[in-house]
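Report on one structure; see the data block that follows.
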Amino acid sequence: MSENDFVFKPSKLVNGSSSWESPSNIALIKYWGKYRNQLPKNPSVSFTLSRSKTVTKVRYRPKIKGDKKNYSFSFNSSEKKSFHEKIDKFFFRAQKYIPAIKDHFFEIESKNTFPHSSGIASSASSMSSLALCLMDFEKKINQNISKSYFLKKASFLARLGSGSASRSIQGPIVSWGQSEFYNNSSQLFGTPLNKISEVFKSYQDSILIIDKKEKKISSSLGHELMESNPYAKNRFFQANKNMGIIKSIFSSGDVKNFIKIVESEALSLHAMMMTSYPSFILIKPNTLSVIDKVIKFRNSTSVPICFTLDAGSNVHLLYPKINFNRVQSFIDSELLKFCESKKFINDEVGNGAKKK
Ligand code: DP6
């Protein structure tokens, strides 16, 4: 499908409301580097999570004369002007594909099921839930759209808000970006994988909160710095190759090789940050202490646990559900001391967004 397939021209004035909850996701093969209109420099793939979610409710009506903007936004019941820049950009990009947006006013209310200041990225869950509400708005104008088009375009629109959000519409494992190994893969939207071993369908993700503060460097700036990173070409090559390797791991259930590739991806992502110019470091000493403990624990037990990192200092511990109790006591006894306010969140692989 091309970008033009996602342009829906007809306009009609409508009133209505829509509410969706959408989860966060954790990338296994990382997206880091983009071009043009939020297109990825390399394909990526993630576990969709189930408990770390954003719930978004949108009420829409025809625009009236006094409306200065075409939306209002509240987060956890209070107006959040600091989010306006991101939503402005998102609406500007989205109205090319749903021009009827221009003629309407949208009252947007969002809340997260996880603490905003936990350092967990909320752009994937918030942009995907908002994109789904906009698709309900499009559906109100054109009732004939198919379920498959609805989901693809929701992912397409979510991508315009935040690249990784394109992978949060469905689950349990979603790829985004053209890859020779994935049929139907696209630069424009996320595609759920169909051959997945049982072990990965209930994989656990315990998120250790190392630092609650918002990171100093935004993902957008990080992506931009890849343009001049001397290792960028090799990184994109590596990610493309890893997409093929991890695809066969997903279908065979080879947890040993899953660990190898996931940890290598996490460290490669942070290596890109450290080798950008200007360089930056998002991991903290406690991130490294946790990683060290996790490797030692894995080597001295038979628990196939591994770590991954997003664009921050928090550590995601990934492991099969069968090891849940064992890992919980390991966190309690050995890792909590490295977490800010002794905080961590237990999440697991999930099946994507739900209409409320
Ligand atoms: C490290 O999706 O937050 O989490 O497209 O600029 O909004 P924007 O970036 P964003 O980048 C996510 C980067 C990552 C890796 C990943 O999720 O694949």
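Within each chain, counting starts at residue 1; across the structure tokens, chains are named A, B, ... in the order shown, with ligands numbered 1 upward in that order.
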As a ChimeraX atom specification, please: the residues near Ile261 (chain A) (cut-off 9 Å, only C-alpha atoms, same-chain neighbours under 4 positions excluded).
/A:28-29,242,245-246,257,265-266
Go ahead and dump the residues you just picked, all heavy atoms, as a PDB file, in the first residue's frame.
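The resulting again14.pdb:
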```pdb
ATOM      1  N   LEU A  28      12.433  -5.111  20.472  1.00  0.00           N
ATOM      2  CA  LEU A  28      13.468  -6.149  20.598  1.00  0.00           C
ATOM      3  C   LEU A  28      14.557  -5.866  19.560  1.00  0.00           C
ATOM      4  O   LEU A  28      15.732  -5.882  19.868  1.00  0.00           O
ATOM      5  CB  LEU A  28      12.826  -7.523  20.389  1.00  0.00           C
ATOM      6  CG  LEU A  28      11.639  -7.762  21.350  1.00  0.00           C
ATOM      7  CD1 LEU A  28      10.791  -8.936  20.908  1.00  0.00           C
ATOM      8  CD2 LEU A  28      12.129  -7.947  22.779  1.00  0.00           C
ATOM      9  N   ILE A  29      14.136  -5.580  18.335  1.00  0.00           N
ATOM     10  CA  ILE A  29      15.041  -5.004  17.329  1.00  0.00           C
ATOM     11  C   ILE A  29      14.662  -3.525  17.280  1.00  0.00           C
ATOM     12  O   ILE A  29      13.500  -3.182  17.052  1.00  0.00           O
ATOM     13  CB  ILE A  29      14.849  -5.661  15.935  1.00  0.00           C
ATOM     14  CG1 ILE A  29      14.966  -7.190  16.006  1.00  0.00           C
ATOM     15  CG2 ILE A  29      15.836  -5.062  14.917  1.00  0.00           C
ATOM     16  CD1 ILE A  29      16.281  -7.732  16.488  1.00  0.00           C
ATOM     17  N   ASN A 242      19.324  -8.801  11.810  1.00  0.00           N
ATOM     18  CA  ASN A 242      18.726  -9.320  13.048  1.00  0.00           C
ATOM     19  C   ASN A 242      17.225  -9.589  12.918  1.00  0.00           C
ATOM     20  O   ASN A 242      16.686 -10.451  13.601  1.00  0.00           O
ATOM     21  CB  ASN A 242      18.989  -8.342  14.206  1.00  0.00           C
ATOM     22  CG  ASN A 242      20.426  -8.447  14.702  1.00  0.00           C
ATOM     23  OD1 ASN A 242      21.142  -9.370  14.334  1.00  0.00           O
ATOM     24  ND2 ASN A 242      20.846  -7.506  15.538  1.00  0.00           N
ATOM     25  N   ILE A 245      16.998 -13.110  11.779  1.00  0.00           N
ATOM     26  CA  ILE A 245      17.369 -14.079  12.829  1.00  0.00           C
ATOM     27  C   ILE A 245      16.249 -14.195  13.861  1.00  0.00           C
ATOM     28  O   ILE A 245      15.826 -15.282  14.243  1.00  0.00           O
ATOM     29  CB  ILE A 245      18.698 -13.647  13.513  1.00  0.00           C
ATOM     30  CG1 ILE A 245      19.819 -13.605  12.466  1.00  0.00           C
ATOM     31  CG2 ILE A 245      19.048 -14.583  14.665  1.00  0.00           C
ATOM     32  CD1 ILE A 245      21.135 -13.053  12.981  1.00  0.00           C
ATOM     33  N   ILE A 246      15.726 -13.054  14.304  1.00  0.00           N
ATOM     34  CA  ILE A 246      14.723 -13.104  15.378  1.00  0.00           C
ATOM     35  C   ILE A 246      13.403 -13.701  14.874  1.00  0.00           C
ATOM     36  O   ILE A 246      12.672 -14.327  15.636  1.00  0.00           O
ATOM     37  CB  ILE A 246      14.517 -11.722  16.046  1.00  0.00           C
ATOM     38  CG1 ILE A 246      14.001 -11.932  17.489  1.00  0.00           C
ATOM     39  CG2 ILE A 246      13.588 -10.824  15.248  1.00  0.00           C
ATOM     40  CD1 ILE A 246      14.072 -10.717  18.377  1.00  0.00           C
ATOM     41  N   ASN A 257      18.860 -18.211  21.988  1.00  0.00           N
ATOM     42  CA  ASN A 257      19.293 -17.250  20.967  1.00  0.00           C
ATOM     43  C   ASN A 257      18.511 -15.942  21.037  1.00  0.00           C
ATOM     44  O   ASN A 257      19.008 -14.905  20.610  1.00  0.00           O
ATOM     45  CB  ASN A 257      19.217 -17.883  19.576  1.00  0.00           C
ATOM     46  CG  ASN A 257      20.446 -18.740  19.336  1.00  0.00           C
ATOM     47  OD1 ASN A 257      21.571 -18.297  19.601  1.00  0.00           O
ATOM     48  ND2 ASN A 257      20.240 -19.971  18.913  1.00  0.00           N
ATOM     49  N   GLU A 265      21.029  -6.109  20.707  1.00  0.00           N
ATOM     50  CA  GLU A 265      20.284  -4.956  20.177  1.00  0.00           C
ATOM     51  C   GLU A 265      20.244  -3.804  21.180  1.00  0.00           C
ATOM     52  O   GLU A 265      20.425  -2.642  20.820  1.00  0.00           O
ATOM     53  CB  GLU A 265      18.855  -5.381  19.818  1.00  0.00           C
ATOM     54  CG  GLU A 265      18.716  -5.950  18.427  1.00  0.00           C
ATOM     55  CD  GLU A 265      18.880  -4.909  17.329  1.00  0.00           C
ATOM     56  OE1 GLU A 265      18.320  -3.816  17.455  1.00  0.00           O
ATOM     57  OE2 GLU A 265      19.578  -5.197  16.350  1.00  0.00           O
ATOM     58  N   ALA A 266      19.976  -4.144  22.445  1.00  0.00           N
ATOM     59  CA  ALA A 266      19.876  -3.099  23.475  1.00  0.00           C
ATOM     60  C   ALA A 266      21.200  -2.341  23.587  1.00  0.00           C
ATOM     61  O   ALA A 266      21.228  -1.103  23.624  1.00  0.00           O
ATOM     62  CB  ALA A 266      19.518  -3.722  24.819  1.00  0.00           C
TER      63      ALA A 266
END
```
Taking only C-alpha atoms and all ligand atoms into account, report as a PyMOL selection string which residues have an atom no farther than 10 Å from an atom of ligand 1.
chain A and resi 24-35+37-40+42-46+86+120-124+127+158-167+175-176+218-224+265-266+269-270+309-312
List the neighbours of Thr54 (chain A) out to 10 Å using only C-alpha atoms; skip same-chain residues closer than 5 positions along the sequence, and give me the result as a list in words.
Trp20, Glu21, Ser22, Pro23, Ser24, Ser110, Lys111, Asn112, Thr113, Phe114, Ser122, Ser123, Ala124, Ser125, Ser126, Met127, Ser128, Ser129, Leu130 and Ala353 of chain A
A straight line from CA of Ala94 (chain A) to CA of Asn76 (chain A) spans 24.0 Å
At a cut-off of 6 Å, using only C-alpha atoms, what residues contact Leu317 (chain A)? Leave out same-chain residues fewer than 3 positions from it and give the result as a ChimeraX atom specification.
/A:205-206,306-307
Which distance in Å separates CA of Ile98 (chain A) and CA of Ser82 (chain A), to one decimal?
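Distance between the two atoms: 24.8 Å.
Across region 50-82 of chain A, DSSP run on the backbone finds strand (DSSP E or B) at Ser50, Arg51, Ser52, Lys53, Thr54, Val55, Thr56, Lys57, Val58, Arg59, Tyr60, Arg61, Pro62, Tyr71, Ser72, Phe73, Ser74, Phe75, Ser78 and Glu79 of chain A.
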Write out, as a compact mmCIF listing (two decimals), in the first residue's frame, the residues just selected, with C-alpha atoms.
```txt
# COMPACT_ATOMS: atom_id res chain seq x y z
CA SER A 50 -0.57 -5.39 28.27
CA ARG A 51 -0.67 -3.38 31.49
CA SER A 52 1.20 -0.15 30.66
CA LYS A 53 -1.57 1.62 28.76
CA THR A 54 -3.02 4.99 27.84
CA VAL A 55 -6.78 5.48 27.82
CA THR A 56 -7.89 8.26 25.48
CA LYS A 57 -11.37 9.66 25.06
CA VAL A 58 -12.15 12.06 22.24
CA ARG A 59 -15.36 14.06 21.76
CA TYR A 60 -15.71 15.76 18.39
CA ARG A 61 -18.05 18.35 16.93
CA PRO A 62 -18.01 20.76 13.98
CA TYR A 71 -8.45 20.55 19.94
CA SER A 72 -8.15 20.76 23.71
CA PHE A 73 -6.05 18.28 25.63
CA SER A 74 -6.14 17.16 29.21
CA PHE A 75 -3.93 14.55 30.84
CA SER A 78 -5.64 18.65 34.03
CA GLU A 79 -4.87 20.73 30.99
```
Selection near Glu198 (chain A), 12 Å with only C-alpha atoms, sequence-local residues under 6 positions removed, as a ChimeraX atom specification
/A:172-173,249-255,320-322,349
Set the distance at 9 Å and use only C-alpha atoms: which residues neighbour Leu335 (chain A) once local chain neighbours fewer than 6 positions away are removed? I'd like the list as a PyMOL selection string.
chain A and resi 208+289-290+293-294+342
Any chance you could export the current selection's N, CA, C and O atoms as a PDB file, in the first residue's frame?
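Writing the result to result.pdb gives the following:
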```pdb
ATOM      1  N   LEU A 208      12.264  -2.214  35.526  1.00  0.00           N
ATOM      2  CA  LEU A 208      12.899  -1.651  36.717  1.00  0.00           C
ATOM      3  C   LEU A 208      13.107  -0.157  36.497  1.00  0.00           C
ATOM      4  O   LEU A 208      13.749   0.261  35.528  1.00  0.00           O
ATOM      5  N   SER A 289      24.752  -1.861  36.939  1.00  0.00           N
ATOM      6  CA  SER A 289      24.761  -2.798  38.081  1.00  0.00           C
ATOM      7  C   SER A 289      23.686  -3.861  37.889  1.00  0.00           C
ATOM      8  O   SER A 289      23.912  -5.048  38.156  1.00  0.00           O
ATOM      9  N   VAL A 290      22.500  -3.429  37.417  1.00  0.00           N
ATOM     10  CA  VAL A 290      21.417  -4.398  37.192  1.00  0.00           C
ATOM     11  C   VAL A 290      21.825  -5.392  36.104  1.00  0.00           C
ATOM     12  O   VAL A 290      21.674  -6.615  36.266  1.00  0.00           O
ATOM     13  N   LYS A 293      24.181  -7.967  37.430  1.00  0.00           N
ATOM     14  CA  LYS A 293      23.489  -8.943  38.299  1.00  0.00           C
ATOM     15  C   LYS A 293      22.665  -9.932  37.459  1.00  0.00           C
ATOM     16  O   LYS A 293      22.597 -11.125  37.774  1.00  0.00           O
ATOM     17  N   VAL A 294      22.004  -9.424  36.433  1.00  0.00           N
ATOM     18  CA  VAL A 294      21.137 -10.274  35.606  1.00  0.00           C
ATOM     19  C   VAL A 294      21.982 -11.347  34.912  1.00  0.00           C
ATOM     20  O   VAL A 294      21.614 -12.531  34.885  1.00  0.00           O
ATOM     21  N   LYS A 342      12.668   2.194  45.005  1.00  0.00           N
ATOM     22  CA  LYS A 342      12.403   0.737  44.972  1.00  0.00           C
ATOM     23  C   LYS A 342      11.217   0.396  44.056  1.00  0.00           C
ATOM     24  O   LYS A 342      10.401  -0.475  44.354  1.00  0.00           O
TER      25      LYS A 342
END
```
